[in-house]
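Take a look at the structure set out below.
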Amino acid sequence: MTTEANNNDVLVSYYGPFSMRVISNIGKYLLESENAIELAKMRLYRVLIELSQNVALYSYNRLQIPNQSTLGVGSVKITSNNDHYKCQTLNKILPEHKDILIKNCAEINNSNEFELKKKKMILRNESSLRDNSAHIGLITMSLYSGNPLEFNVLNDNESQSHYFSINVTINKK
Amino acid sequence: MKNLNINIYPDLVFYPVVNFDYKTRICEISGESFMEDTYKFYEPIIEWLNEYIKEKKTIVLNIKLTYFNTSSSKFILVILNTLKKYKNDSNNATVNWFYNKEDIDMLKEIVEFQDETGLEINKIIL
């Protein structure tokens, strides 16, 4: 984990395996060090955890942990200004996941709160208990944020790799 | 039937503390819940609850979670649905959910669970 001075608004920047031990420490650091209202800090914390769990579960770049399953590798950056926090993750994805991610994010951005809650309920009920994901992380982040999800798929032509970037804005007021 | 006490990871904030007390009939889950393997953590809790309700005794569930991830929410839903069915079968079940006054997102989550399950949840400000 690296922290930088406030003048460029980067609170935290991390690249590596998305273990919950690491991410929860980043989250606690933000809760303790930031001066925003409690609700804004909690939203930032929750968005950080959900975004990070998506990287941990779905990043195509994976690290084998001894005696455990694999962990997704990616990056997270948290920035701040007077009005809002931004939490951004970036991770490698399989080419076949590109279109579905774009479609899901676009659908979320085009839905109102009622529609998102309904979709959340349906997807959660469809999800198997043995599945470590409920497939409602993006919807939940959108509900916490109240702002459109900013997303992008980046192509690295040299390595033929695709990267998914998502940026969630949390208002401070 | 034994009590169910889970506090095996006190240094890891992403595991909640669980105290399901057979004698007092008070079951409590507190802290945060965003572990990597939710099924492994919640399976014994669901099993304990399913055994307990066979005895048709009163149960009080106190939820004091300050955060749970979307994966954990699936298991909270299972617990609440189980208690709703238990109540519908003329048994006594009370659910109290404690939350911080400023945390309107948690209140929204509680209301969503209530609407989805049809189970009355007492919303108590900490």
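Going by the structure tokens order, chains are called A, B, ..., each with residues numbered from 1, while ligands are numbered from 1 in the order shown.
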Can you write out as a tab-separated table which residues of chain A fall within 6 Å of chain B, alongside each residue's closest atom pair and its distance in Å to one decimal, counting only C-alpha atoms and ordering rows by chain and ascending residue number?
residue	atom	partner	partner_atom	distance
A:Leu39	CA	B:Asp103	CA	5.9
A:Arg130	CA	B:Tyr39	CA	5.6
A:Ser133	CA	B:Ser71	CA	5.2
A:Ala134	CA	B:Ser71	CA	4.9
Practice task
Quick one: everything within 8 Å of segment 98-115 of chain A, counting only C-alpha atoms, minus sequence neighbours fewer than 6 positions away in the same chain. Send it as an NGL selection string.
Solution key: :A and (138-139 or 142-143 or 148-149 or 151-153 or 162 or 164)
Those same residues - N, CA, C and O atoms - I'd like them written as a PDB file, in the first residue's frame.
ATOM      1  N   LEU A 138     -22.354  -4.874  -8.311  1.00  0.00           N
ATOM      2  CA  LEU A 138     -22.398  -3.635  -9.095  1.00  0.00           C
ATOM      3  C   LEU A 138     -23.676  -2.858  -8.801  1.00  0.00           C
ATOM      4  O   LEU A 138     -23.658  -1.633  -8.672  1.00  0.00           O
ATOM      5  N   ILE A 139     -24.782  -3.592  -8.675  1.00  0.00           N
ATOM      6  CA  ILE A 139     -26.064  -2.930  -8.371  1.00  0.00           C
ATOM      7  C   ILE A 139     -25.991  -2.272  -6.997  1.00  0.00           C
ATOM      8  O   ILE A 139     -26.386  -1.115  -6.818  1.00  0.00           O
ATOM      9  N   SER A 142     -23.987   0.849  -7.044  1.00  0.00           N
ATOM     10  CA  SER A 142     -24.730   1.926  -7.691  1.00  0.00           C
ATOM     11  C   SER A 142     -25.746   2.518  -6.714  1.00  0.00           C
ATOM     12  O   SER A 142     -25.932   3.739  -6.658  1.00  0.00           O
ATOM     13  N   LEU A 143     -26.386   1.655  -5.926  1.00  0.00           N
ATOM     14  CA  LEU A 143     -27.362   2.147  -4.938  1.00  0.00           C
ATOM     15  C   LEU A 143     -26.668   2.959  -3.837  1.00  0.00           C
ATOM     16  O   LEU A 143     -27.185   3.989  -3.417  1.00  0.00           O
ATOM     17  N   PRO A 148     -23.826   7.531 -11.550  1.00  0.00           N
ATOM     18  CA  PRO A 148     -23.586   6.511 -12.585  1.00  0.00           C
ATOM     19  C   PRO A 148     -22.227   5.828 -12.381  1.00  0.00           C
ATOM     20  O   PRO A 148     -21.271   6.464 -11.930  1.00  0.00           O
ATOM     21  N   LEU A 149     -22.176   4.558 -12.723  1.00  0.00           N
ATOM     22  CA  LEU A 149     -20.899   3.842 -12.711  1.00  0.00           C
ATOM     23  C   LEU A 149     -20.094   4.311 -13.927  1.00  0.00           C
ATOM     24  O   LEU A 149     -20.642   4.407 -15.026  1.00  0.00           O
ATOM     25  N   PHE A 151     -17.253   3.211 -16.344  1.00  0.00           N
ATOM     26  CA  PHE A 151     -16.588   1.941 -16.639  1.00  0.00           C
ATOM     27  C   PHE A 151     -15.954   1.987 -18.017  1.00  0.00           C
ATOM     28  O   PHE A 151     -16.358   2.760 -18.883  1.00  0.00           O
ATOM     29  N   ASN A 152     -14.994   1.125 -18.196  1.00  0.00           N
ATOM     30  CA  ASN A 152     -14.284   1.099 -19.472  1.00  0.00           C
ATOM     31  C   ASN A 152     -13.590  -0.247 -19.626  1.00  0.00           C
ATOM     32  O   ASN A 152     -13.155  -0.836 -18.629  1.00  0.00           O
ATOM     33  N   VAL A 153     -13.495  -0.713 -20.837  1.00  0.00           N
ATOM     34  CA  VAL A 153     -12.667  -1.891 -21.112  1.00  0.00           C
ATOM     35  C   VAL A 153     -11.498  -1.440 -21.962  1.00  0.00           C
ATOM     36  O   VAL A 153     -11.688  -0.834 -23.022  1.00  0.00           O
ATOM     37  N   HIS A 162      -7.312  -7.806 -22.100  1.00  0.00           N
ATOM     38  CA  HIS A 162      -8.377  -6.847 -21.837  1.00  0.00           C
ATOM     39  C   HIS A 162      -8.390  -6.530 -20.346  1.00  0.00           C
ATOM     40  O   HIS A 162      -8.219  -7.426 -19.515  1.00  0.00           O
ATOM     41  N   PHE A 164     -10.610  -4.398 -17.266  1.00  0.00           N
ATOM     42  CA  PHE A 164     -11.869  -3.745 -16.904  1.00  0.00           C
ATOM     43  C   PHE A 164     -11.576  -2.708 -15.835  1.00  0.00           C
ATOM     44  O   PHE A 164     -10.994  -3.009 -14.795  1.00  0.00           O
TER      45      PHE A 164
END
Problem - Those of chain B in DSSP alpha helix (DSSP H), formatted as a PyMOL selection string - result: chain B and resi 38-52+70-88+104-117
For C-alpha atoms, I'd like the residues from the last selection saved as a PDB file, in the first residue's frame.
ATOM      1  CA  THR B  38     -19.291 -17.181   3.009  1.00  0.00           C
ATOM      2  CA  TYR B  39     -20.768 -20.658   2.553  1.00  0.00           C
ATOM      3  CA  LYS B  40     -18.182 -22.256   4.833  1.00  0.00           C
ATOM      4  CA  PHE B  41     -18.832 -19.651   7.527  1.00  0.00           C
ATOM      5  CA  TYR B  42     -22.637 -19.578   7.411  1.00  0.00           C
ATOM      6  CA  GLU B  43     -23.343 -23.273   6.858  1.00  0.00           C
ATOM      7  CA  PRO B  44     -23.041 -24.217  10.580  1.00  0.00           C
ATOM      8  CA  ILE B  45     -25.205 -21.236  11.530  1.00  0.00           C
ATOM      9  CA  ILE B  46     -27.989 -22.317   9.194  1.00  0.00           C
ATOM     10  CA  GLU B  47     -27.650 -25.913  10.409  1.00  0.00           C
ATOM     11  CA  TRP B  48     -27.845 -24.838  14.067  1.00  0.00           C
ATOM     12  CA  LEU B  49     -30.939 -22.766  13.374  1.00  0.00           C
ATOM     13  CA  ASN B  50     -32.652 -25.598  11.514  1.00  0.00           C
ATOM     14  CA  GLU B  51     -32.001 -27.947  14.449  1.00  0.00           C
ATOM     15  CA  TYR B  52     -33.155 -25.377  16.997  1.00  0.00           C
ATOM     16  CA  THR B  70     -23.621  -8.945  -0.929  1.00  0.00           C
ATOM     17  CA  SER B  71     -22.546 -12.567  -0.600  1.00  0.00           C
ATOM     18  CA  SER B  72     -23.292 -12.570   3.142  1.00  0.00           C
ATOM     19  CA  SER B  73     -26.682 -11.024   2.401  1.00  0.00           C
ATOM     20  CA  LYS B  74     -27.747 -14.297   0.773  1.00  0.00           C
ATOM     21  CA  PHE B  75     -27.318 -16.099   4.080  1.00  0.00           C
ATOM     22  CA  ILE B  76     -29.003 -13.368   6.106  1.00  0.00           C
ATOM     23  CA  LEU B  77     -31.917 -13.783   3.746  1.00  0.00           C
ATOM     24  CA  VAL B  78     -31.971 -17.552   4.362  1.00  0.00           C
ATOM     25  CA  ILE B  79     -31.999 -16.979   8.135  1.00  0.00           C
ATOM     26  CA  LEU B  80     -34.816 -14.440   7.909  1.00  0.00           C
ATOM     27  CA  ASN B  81     -36.864 -16.621   5.555  1.00  0.00           C
ATOM     28  CA  THR B  82     -36.439 -19.529   7.962  1.00  0.00           C
ATOM     29  CA  LEU B  83     -37.722 -17.411  10.849  1.00  0.00           C
ATOM     30  CA  LYS B  84     -40.612 -16.096   8.780  1.00  0.00           C
ATOM     31  CA  LYS B  85     -41.717 -19.650   8.039  1.00  0.00           C
ATOM     32  CA  TYR B  86     -41.230 -20.550  11.714  1.00  0.00           C
ATOM     33  CA  LYS B  87     -43.496 -17.675  12.719  1.00  0.00           C
ATOM     34  CA  ASN B  88     -46.058 -18.608  10.107  1.00  0.00           C
ATOM     35  CA  ILE B 104     -29.466   5.234   6.309  1.00  0.00           C
ATOM     36  CA  ASP B 105     -28.068   2.637   3.903  1.00  0.00           C
ATOM     37  CA  MET B 106     -28.267  -0.021   6.592  1.00  0.00           C
ATOM     38  CA  LEU B 107     -31.824   1.037   7.384  1.00  0.00           C
ATOM     39  CA  LYS B 108     -32.688   0.679   3.691  1.00  0.00           C
ATOM     40  CA  GLU B 109     -31.166  -2.814   3.665  1.00  0.00           C
ATOM     41  CA  ILE B 110     -33.235  -3.797   6.709  1.00  0.00           C
ATOM     42  CA  VAL B 111     -36.424  -2.508   5.081  1.00  0.00           C
ATOM     43  CA  GLU B 112     -35.550  -4.408   1.894  1.00  0.00           C
ATOM     44  CA  PHE B 113     -35.144  -7.626   3.889  1.00  0.00           C
ATOM     45  CA  GLN B 114     -38.423  -6.968   5.657  1.00  0.00           C
ATOM     46  CA  ASP B 115     -40.266  -6.340   2.396  1.00  0.00           C
ATOM     47  CA  GLU B 116     -38.735  -9.363   0.717  1.00  0.00           C
ATOM     48  CA  THR B 117     -39.345 -11.856   3.515  1.00  0.00           C
TER      49      THR B 117
END
Exercise for the section: If you run DSSP over the backbone, which residues in chain B end up strand (DSSP E)? Put them as a PyMOL selection string. Expected result: chain B and resi 4-6+17-20+26-33+59-68+93-99+122-125
Prev. selection, N, CA, C and O atoms, output as a short mmCIF file (atom, residue, chain, number, x, y, z; two decimals), in the first residue's frame:
data_model
loop_
_atom_site.label_atom_id
_atom_site.label_comp_id
_atom_site.auth_asym_id
_atom_site.auth_seq_id
_atom_site.Cartn_x
_atom_site.Cartn_y
_atom_site.Cartn_z
N LEU B 4 -24.01 -22.12 20.00
CA LEU B 4 -23.12 -21.93 18.86
C LEU B 4 -22.38 -20.62 19.07
O LEU B 4 -22.98 -19.54 19.06
N ASN B 5 -21.10 -20.73 19.31
CA ASN B 5 -20.27 -19.53 19.51
C ASN B 5 -19.14 -19.52 18.48
O ASN B 5 -18.33 -20.44 18.46
N ILE B 6 -19.12 -18.49 17.69
CA ILE B 6 -18.06 -18.37 16.68
C ILE B 6 -17.34 -17.04 16.88
O ILE B 6 -17.91 -15.97 16.69
N VAL B 17 -18.94 -11.94 14.91
CA VAL B 17 -19.01 -12.75 16.12
C VAL B 17 -20.42 -13.31 16.22
O VAL B 17 -21.40 -12.58 16.06
N VAL B 18 -20.50 -14.60 16.48
CA VAL B 18 -21.80 -15.27 16.54
C VAL B 18 -21.97 -15.90 17.92
O VAL B 18 -21.10 -16.65 18.37
N ASN B 19 -23.05 -15.57 18.58
CA ASN B 19 -23.42 -16.22 19.85
C ASN B 19 -24.88 -16.63 19.79
O ASN B 19 -25.77 -15.80 19.97
N PHE B 20 -25.09 -17.90 19.51
CA PHE B 20 -26.45 -18.43 19.48
C PHE B 20 -26.60 -19.26 20.76
O PHE B 20 -26.00 -20.33 20.89
N ILE B 26 -31.55 -16.52 22.99
CA ILE B 26 -31.14 -15.29 22.31
C ILE B 26 -29.96 -15.59 21.39
O ILE B 26 -28.94 -16.12 21.83
N CYS B 27 -30.12 -15.24 20.15
CA CYS B 27 -29.07 -15.49 19.15
C CYS B 27 -28.59 -14.13 18.63
O CYS B 27 -29.40 -13.28 18.28
N GLU B 28 -27.29 -13.97 18.63
CA GLU B 28 -26.77 -12.66 18.25
C GLU B 28 -25.63 -12.80 17.23
O GLU B 28 -24.77 -13.66 17.38
N ILE B 29 -25.67 -11.93 16.25
CA ILE B 29 -24.58 -11.87 15.29
C ILE B 29 -24.16 -10.40 15.18
O ILE B 29 -25.00 -9.53 14.99
N SER B 30 -22.86 -10.16 15.36
CA SER B 30 -22.41 -8.76 15.42
C SER B 30 -21.08 -8.57 14.71
O SER B 30 -20.33 -9.52 14.50
N GLY B 31 -20.79 -7.33 14.36
CA GLY B 31 -19.53 -7.01 13.70
C GLY B 31 -19.72 -6.79 12.21
O GLY B 31 -20.69 -6.17 11.79
N GLU B 32 -18.80 -7.32 11.42
CA GLU B 32 -18.87 -7.17 9.97
C GLU B 32 -18.78 -8.56 9.33
O GLU B 32 -18.23 -9.48 9.92
N SER B 33 -19.31 -8.64 8.13
CA SER B 33 -19.31 -9.94 7.45
C SER B 33 -18.95 -9.76 5.98
O SER B 33 -19.80 -9.36 5.18
N ILE B 59 -37.50 -17.87 19.95
CA ILE B 59 -36.16 -17.44 19.53
C ILE B 59 -36.15 -15.92 19.34
O ILE B 59 -37.11 -15.34 18.81
N VAL B 60 -35.08 -15.31 19.82
CA VAL B 60 -34.86 -13.88 19.58
C VAL B 60 -33.56 -13.76 18.81
O VAL B 60 -32.51 -14.25 19.26
N LEU B 61 -33.61 -13.13 17.66
CA LEU B 61 -32.40 -12.92 16.87
C LEU B 61 -32.03 -11.43 16.91
O LEU B 61 -32.83 -10.58 16.50
N ASN B 62 -30.87 -11.16 17.45
CA ASN B 62 -30.35 -9.79 17.47
C ASN B 62 -29.26 -9.65 16.41
O ASN B 62 -28.22 -10.32 16.51
N ILE B 63 -29.49 -8.81 15.44
CA ILE B 63 -28.49 -8.58 14.39
C ILE B 63 -27.83 -7.23 14.66
O ILE B 63 -28.50 -6.20 14.72
N LYS B 64 -26.53 -7.28 14.85
CA LYS B 64 -25.76 -6.04 15.12
C LYS B 64 -24.63 -5.92 14.13
O LYS B 64 -23.49 -5.64 14.48
N LEU B 65 -24.95 -6.16 12.88
CA LEU B 65 -23.93 -6.07 11.83
C LEU B 65 -23.81 -4.63 11.36
O LEU B 65 -24.82 -4.00 11.02
N THR B 66 -22.60 -4.12 11.33
CA THR B 66 -22.40 -2.76 10.84
C THR B 66 -22.12 -2.76 9.33
O THR B 66 -22.23 -1.74 8.68
N TYR B 67 -21.74 -3.93 8.83
CA TYR B 67 -21.57 -4.08 7.38
C TYR B 67 -21.61 -5.56 7.03
O TYR B 67 -21.06 -6.39 7.75
N PHE B 68 -22.27 -5.86 5.92
CA PHE B 68 -22.22 -7.22 5.36
C PHE B 68 -22.13 -7.06 3.86
O PHE B 68 -22.72 -6.15 3.27
N ALA B 93 -40.98 -15.98 17.21
CA ALA B 93 -39.66 -15.53 16.74
C ALA B 93 -39.65 -14.00 16.66
O ALA B 93 -40.58 -13.40 16.12
N THR B 94 -38.62 -13.42 17.22
CA THR B 94 -38.47 -11.96 17.18
C THR B 94 -37.12 -11.62 16.55
O THR B 94 -36.10 -12.23 16.90
N VAL B 95 -37.13 -10.66 15.65
CA VAL B 95 -35.86 -10.21 15.06
C VAL B 95 -35.66 -8.73 15.39
O VAL B 95 -36.52 -7.90 15.08
N ASN B 96 -34.56 -8.44 16.04
CA ASN B 96 -34.17 -7.05 16.33
C ASN B 96 -32.92 -6.73 15.53
O ASN B 96 -31.94 -7.47 15.60
N TRP B 97 -32.98 -5.65 14.78
CA TRP B 97 -31.80 -5.27 14.00
C TRP B 97 -31.33 -3.90 14.50
O TRP B 97 -32.06 -2.92 14.41
N PHE B 98 -30.13 -3.89 15.03
CA PHE B 98 -29.55 -2.67 15.60
C PHE B 98 -28.69 -1.96 14.55
O PHE B 98 -27.91 -2.60 13.84
N TYR B 99 -28.85 -0.65 14.45
CA TYR B 99 -28.07 0.09 13.46
C TYR B 99 -27.77 1.50 13.97
O TYR B 99 -28.46 2.01 14.86
N ASN B 122 -37.70 -5.54 14.02
CA ASN B 122 -37.64 -4.35 14.89
C ASN B 122 -36.35 -3.60 14.61
O ASN B 122 -35.26 -4.15 14.78
N LYS B 123 -36.49 -2.37 14.19
CA LYS B 123 -35.31 -1.56 13.82
C LYS B 123 -34.95 -0.68 15.02
O LYS B 123 -35.71 0.20 15.40
N ILE B 124 -33.80 -0.98 15.59
CA ILE B 124 -33.42 -0.33 16.84
C ILE B 124 -32.16 0.51 16.63
O ILE B 124 -31.12 -0.01 16.20
N ILE B 125 -32.26 1.79 16.95
CA ILE B 125 -31.11 2.69 16.79
C ILE B 125 -30.15 2.48 17.95
O ILE B 125 -30.55 2.46 19.12
#
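Our summary of the geometry notes that atom CA of Leu71 of chain A is positioned 21.1 Å from atom CA of Asn167 of chain A.
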Exercise for the section: Find the residues around Lys57 of chain B up to 8 Å (only C-alpha atoms counted), leave out those fewer than 5 positions away in its own chain, and share them as a PyMOL selection string. Expected result: chain B and resi 25+52+91-92
